[in-house]
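Asks: Structure below; questions to follow.
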Amino acid sequence: MINEKSSLPGDLTKRQIKIDGKDISSAVLTASIYLDIVGGIWSCQLHIEDTTNLLTSLPIKSGKKVEVTVETRFDGSVGNGQKTFKFEVYDISNKTAPNHMQYNYVVHCASKAFIKDQKTRISQFFEGKPDKMIEQIASNNLDVKIKDKRKPEGSVQFIATNWSPLNTIAFISKWATYDGKADFLFFQTDNEEFDFMPIKAMYEDRNSGLTFKQRPFGIKQNHEFEDDPAILITKYNNDHFNATRAGLAGYFGSKNAVYDMVKKKWKVETYKNEGEGMEGEFKKFEDANISYSPKHNGLYDGEQNVYDNSNWIGSRRAALMTLDREKIFVQTAASAKCWEWLGKFCKIDLPSMEDMTSEEFDKDRRGKYLITAISMVLSRADSVTNYEMVKIKLGE
């Protein structure tokens with residue numbers, strides 16, 4: 001997250017925080033909301049300056065319902081709107097007493113699905129299509145629904161042995177394949193809604209329609225901003241691709257040694273990724289990542305199964321490392337609609353660093369990015385939105 005913050009006058013028209021229906025906005029120094037396609041669950045931290053003993057008088061404790069309402073308004077902005085994020089308290093930490101009339105502490109909150117996941121366990125045999133299993137678990141055990149999904153290939157069968165619902169869904173997700181690759185993720189997209197989407201589809205099919213720009217800040221014409229503040233980059237940091245780390249984790253390729261316990265034979269399956277960056281010594285990197293799996297036909301009734309897909313394990317590793325490609329962390333003015341853009345691709349115009357050329361933009365790092373994480377930082381004096389974005393392929 002970018003910690004330096006600067007607000008825009010008039011961007012945040014409503015910032016209301018309620019616990020158990022009581023408005024405690026004036027006591028909240030900062031409300032930070034976190035959305036993530038890998039972590040999957042929405043969460044929130046409230047940094048509270050308590051001078052009225054809310055801990056015991058309200059009280060603030062685990063299980064209390066939290067609502068954070070945000071409204072932003074700019075003339076004609078794509079970020080205009082109002083949204084109420086719903087959470088439940090599960091922890092209180094970092095309590096200090098600056099004086100005998102005040103407590104400072106942090107209230108940790110998460111969506112209702114997280115709390116349900118912590119208290120629920122599944123012991124069940126599953127067989128069939130991965131998306132149908134996940135829909136069943138989401139509805140029956142988490143009380144949420146699937147908003148958007150892609151149909152995975154193949155089927156899977158396994159026994160969940162006292163697993164939590166999210167762990168069960170994570171296990172199913174890693175077996176599900178799309179266009180031959182195991183790159184599905186299950187993540188929250190609204191208060192009681194989740195998506196079950198492959199990374200490839202998010203990057204290719206789900207267009208936010210946004211182009212983030214870096215321009216001189218605050219330029220106006222006829223008393224209106226020349227560029228939309230919701231997509232105007234005020235600060236950004238790059239996290240460049242570490243090819244060695246990616247290679248060790250299986251991005252360029254990997255091997256899986258399978259031992260057939262019936263035929264008493266070993267078989268080594270090699271997966272090679274077609275991802276970008278396989279130049280020079282990185283062309284043959286599959287020996288750096290090897291795993292071992294037993295195989296017994298009796299486990300799957302001798303039928304063809306997703307376990308027999310030699311590309312599965314390798315493609316899962318490579319898919320997850322795709323999200324560790326070229327990253328950029330972008331900060332803009334607060335936007336109440338930013339949650340709608342999670343798991344969708346956008347475009348970014350970054351200025352060229354080449355002073356001796358006429359090139360206006362960075363040719364490699366401008367263009368298409370996938371929005372993988374969002375944080376809203378809502379303080380008393382300022383408010384911003386931070387984005388984590390991943391560029392799957394340079395120059396695209």
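Please note that chains go A, B, ... in the order of the structure tokens, that every chain numbers its residues from 1, and that ligands are numbered from 1 in the order shown.
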Could you pull the residues within 7 Å of region 151-166 of chain A, counting only C-alpha atoms, minus those fewer than 2 positions along the same chain, as a ChimeraX atom specification?
Replies: /A:117-118,120-131,137,141,149,168-170,176-178,305-306
Asks: For C-alpha atoms, I'd like the residues from the last selection saved as a compact mmCIF listing (two decimals), in the first residue's frame.
Replies:
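This went into out_23.txt:
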```
# COMPACT_ATOMS: atom_id res chain seq x y z
CA ASP A 117 -16.12 -20.19 7.59
CA GLN A 118 -14.39 -20.13 10.99
CA THR A 120 -18.25 -24.47 10.03
CA ARG A 121 -16.63 -27.79 9.07
CA ILE A 122 -17.40 -30.09 6.15
CA SER A 123 -16.98 -33.88 6.15
CA GLN A 124 -18.39 -35.09 2.85
CA PHE A 125 -17.67 -36.97 -0.35
CA PHE A 126 -17.78 -34.74 -3.44
CA GLU A 127 -18.01 -35.85 -7.06
CA GLY A 128 -18.83 -33.95 -10.23
CA LYS A 129 -18.29 -30.53 -11.78
CA PRO A 130 -16.18 -28.10 -9.70
CA ASP A 131 -18.48 -25.10 -10.24
CA ILE A 137 -20.90 -24.96 -0.54
CA ASN A 141 -22.30 -23.23 4.29
CA LYS A 149 -18.26 -17.52 -13.14
CA THR A 168 -12.85 -26.95 0.65
CA ILE A 169 -13.55 -24.38 -2.07
CA ALA A 170 -9.81 -23.64 -2.38
CA ALA A 176 -10.64 -26.78 -11.92
CA THR A 177 -9.17 -26.06 -15.36
CA TYR A 178 -10.02 -23.45 -17.98
CA ASN A 305 -9.96 -37.93 -13.84
CA VAL A 306 -8.52 -34.45 -13.50
```
Asks: Give me, as CSV, the closest atom pair and its distance (Å, one decimal) for every residue of region 142-244 of chain A within a cut-off of 12 Å of region 258-277 of chain A, counting only C-alpha atoms, rows sorted by chain and rising number.
Replies:
```
residue,atom,partner,partner_atom,distance
A:Gly180,CA,A:Asn273,CA,11.6
A:Lys181,CA,A:Asn273,CA,10.0
A:Lys200,CA,A:Gly275,CA,11.9
A:Phe241,CA,A:Gly277,CA,9.2
A:Asn242,CA,A:Gly277,CA,10.1
A:Ala243,CA,A:Gly277,CA,7.4
A:Thr244,CA,A:Gly277,CA,10.5
```
Asks: Between A:Asp50, A:Glu396, A:Asp239, A:Asp183, which has the minimum distance to Met321 (chain A) (counting only C-alpha atoms)?
Replies: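 Using only C-alpha atoms, Met321 (chain A) sits closest to A:Asp183.
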Asks: I need the alpha helix (DSSP H) residues of region 168-258 of chain A per DSSP on the backbone, written as a list of chain:residue names.
Replies: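 Here are the alpha helix (DSSP H) residues of region 168-258 of chain A: A:Thr168, A:Ile169, A:Ala170, A:Phe171, A:Ile172, A:Ser173, A:Lys174, A:Trp175, A:Ile199, A:Lys200, A:Ala201, A:Met202, A:Tyr203, A:Glu204, A:Asp205, A:Ala243, A:Thr244, A:Arg245, A:Ala246, A:Gly247, A:Leu248.
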Asks: Taking only C-alpha atoms into account, name the residue in A:Cys338, A:Ile313, A:Ala110, A:Val330 that is nearest to Asn191 (chain A).
Replies: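 Closest to Asn191 (chain A), using only C-alpha atoms: A:Ala110.
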Asks: Tell me which protein, DNA and RNA residues are within 7 Å of region 202-217 of chain A, counting only C-alpha atoms, leaving out same-chain ones fewer than 4 positions away, and put them as a list in words.
Replies: Met197, Pro198, Ile231, Leu232, Ile233, Thr234, Trp341, Gly343, Lys344, Phe345, Cys346, Lys347, Ile348, Asp349, Leu350 and Leu370 of chain A
Asks: One number please: CA of Ala113 (chain A) to CA of Leu320 (chain A), in Å, one decimal.
Replies: 23.5 Å
Asks: So that I can see what lies close to region 325-329 of chain A, please list as a ChimeraX atom specification the residues with an atom at most 7 Å from it, counting only C-alpha atoms and leaving out residues fewer than 2 positions away in the same chain.
Replies: /A:236-241,321-323,331,386-392
Asks: Rank nothing, just name the residue among A:Thr72, A:Gln188, A:Ser291, A:Thr84 nearest to Gly39 (chain A), using only C-alpha atoms.
Replies: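 That would be A:Gln188, the residue with the smallest distance to Gly39 (chain A).
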Asks: Need to verify the contact set: Leu29 (chain A), 12 Å, only C-alpha atoms, exclusion of same-chain residues closer than 4 positions in sequence. Can you return it as a ChimeraX atom specification?
Replies: /A:15-17,24-25,45-50,104-107,377-383
Asks: Please indicate the distance in Å from CA of Val384 (chain A) to CA of Glu192 (chain A), rounded to one decimal place.
Replies: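 Here the two named atoms are 24.5 Å from each other.
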Asks: Taking the chain letters and numbering used in this document, name the residues of region 124-358 of chain A that DSSP puts in strand (DSSP E or B), as JSON, numbers by chain.
Replies: {"A": [124, 125, 126, 127, 128, 145, 146, 147, 148, 149, 153, 156, 157, 158, 159, 160, 161, 162, 163, 177, 178, 181, 184, 185, 186, 187, 188, 189, 190, 193, 194, 195, 196, 197, 198, 207, 208, 209, 210, 211, 212, 213, 220, 221, 224, 225, 232, 235, 236, 237, 238, 239, 253, 254, 255, 256, 257, 258, 259, 260, 265, 266, 267, 268, 269, 270, 271, 272, 290, 291, 292, 293, 294, 295, 326, 327, 328, 329, 330, 331, 332, 333, 345, 346, 347, 348, 349, 351]}
Asks: Excluding Glu67 (chain A) and its own-chain neighbours fewer than 6 positions away, which residues fall within 6 Å of it when counting only C-alpha atoms? Please give them as a VMD selection string.
Replies: chain A and resid 17 to 18 85 to 86
Asks: Write out as a ChimeraX atom specification which residues come within 8 Å of Gly314 (chain A) when counting only C-alpha atoms, dropping same-chain ones fewer than 3 positions away.
Replies: /A:250,253-256,270-272,310-311,317-318
Asks: Next, write the just-selected residues to a file, as an mmCIF file, in the first residue's frame, keeping N, CA and C atoms as the atom set.
Replies:
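part31.cif written:
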```cif
data_model
loop_
_atom_site.group_PDB
_atom_site.id
_atom_site.type_symbol
_atom_site.label_atom_id
_atom_site.label_comp_id
_atom_site.auth_asym_id
_atom_site.auth_seq_id
_atom_site.Cartn_x
_atom_site.Cartn_y
_atom_site.Cartn_z
ATOM 1 N N GLY A 250 8.004 -22.192 -10.155
ATOM 2 C CA GLY A 250 7.372 -22.967 -11.212
ATOM 3 C C GLY A 250 6.734 -22.171 -12.317
ATOM 4 N N GLY A 253 8.192 -23.426 -15.737
ATOM 5 C CA GLY A 253 7.976 -24.848 -15.948
ATOM 6 C C GLY A 253 8.281 -25.625 -14.685
ATOM 7 N N SER A 254 7.852 -26.875 -14.637
ATOM 8 C CA SER A 254 8.083 -27.712 -13.458
ATOM 9 C C SER A 254 7.929 -29.179 -13.838
ATOM 10 N N LYS A 255 8.288 -30.033 -12.907
ATOM 11 C CA LYS A 255 8.146 -31.472 -13.111
ATOM 12 C C LYS A 255 7.368 -32.090 -11.966
ATOM 13 N N ASN A 256 6.631 -33.144 -12.296
ATOM 14 C CA ASN A 256 5.907 -33.901 -11.283
ATOM 15 C C ASN A 256 6.218 -35.383 -11.478
ATOM 16 N N THR A 270 6.490 -33.432 -17.356
ATOM 17 C CA THR A 270 7.093 -32.097 -17.440
ATOM 18 C C THR A 270 6.081 -31.100 -17.981
ATOM 19 N N TYR A 271 5.984 -29.971 -17.295
ATOM 20 C CA TYR A 271 5.102 -28.886 -17.750
ATOM 21 C C TYR A 271 5.963 -27.680 -18.123
ATOM 22 N N LYS A 272 5.724 -27.130 -19.309
ATOM 23 C CA LYS A 272 6.425 -25.928 -19.741
ATOM 24 C C LYS A 272 5.407 -24.824 -19.996
ATOM 25 N N SER A 310 -1.674 -34.343 -16.780
ATOM 26 C CA SER A 310 -0.261 -34.110 -16.461
ATOM 27 C C SER A 310 0.075 -32.635 -16.362
ATOM 28 N N ASN A 311 -0.766 -31.775 -16.950
ATOM 29 C CA ASN A 311 -0.497 -30.341 -16.907
ATOM 30 C C ASN A 311 -1.041 -29.671 -15.654
ATOM 31 N N ARG A 317 0.794 -23.921 -10.607
ATOM 32 C CA ARG A 317 1.926 -23.124 -10.124
ATOM 33 C C ARG A 317 2.166 -21.917 -11.035
ATOM 34 N N ALA A 318 2.193 -22.175 -12.340
ATOM 35 C CA ALA A 318 2.468 -21.098 -13.285
ATOM 36 C C ALA A 318 1.380 -20.031 -13.251
#
```
Asks: Just how far from CA of Ile41 (chain A) is CA of Thr69 (chain A), in Å to one decimal?
Replies: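 Between these atoms lies a distance of 18.2 Å.
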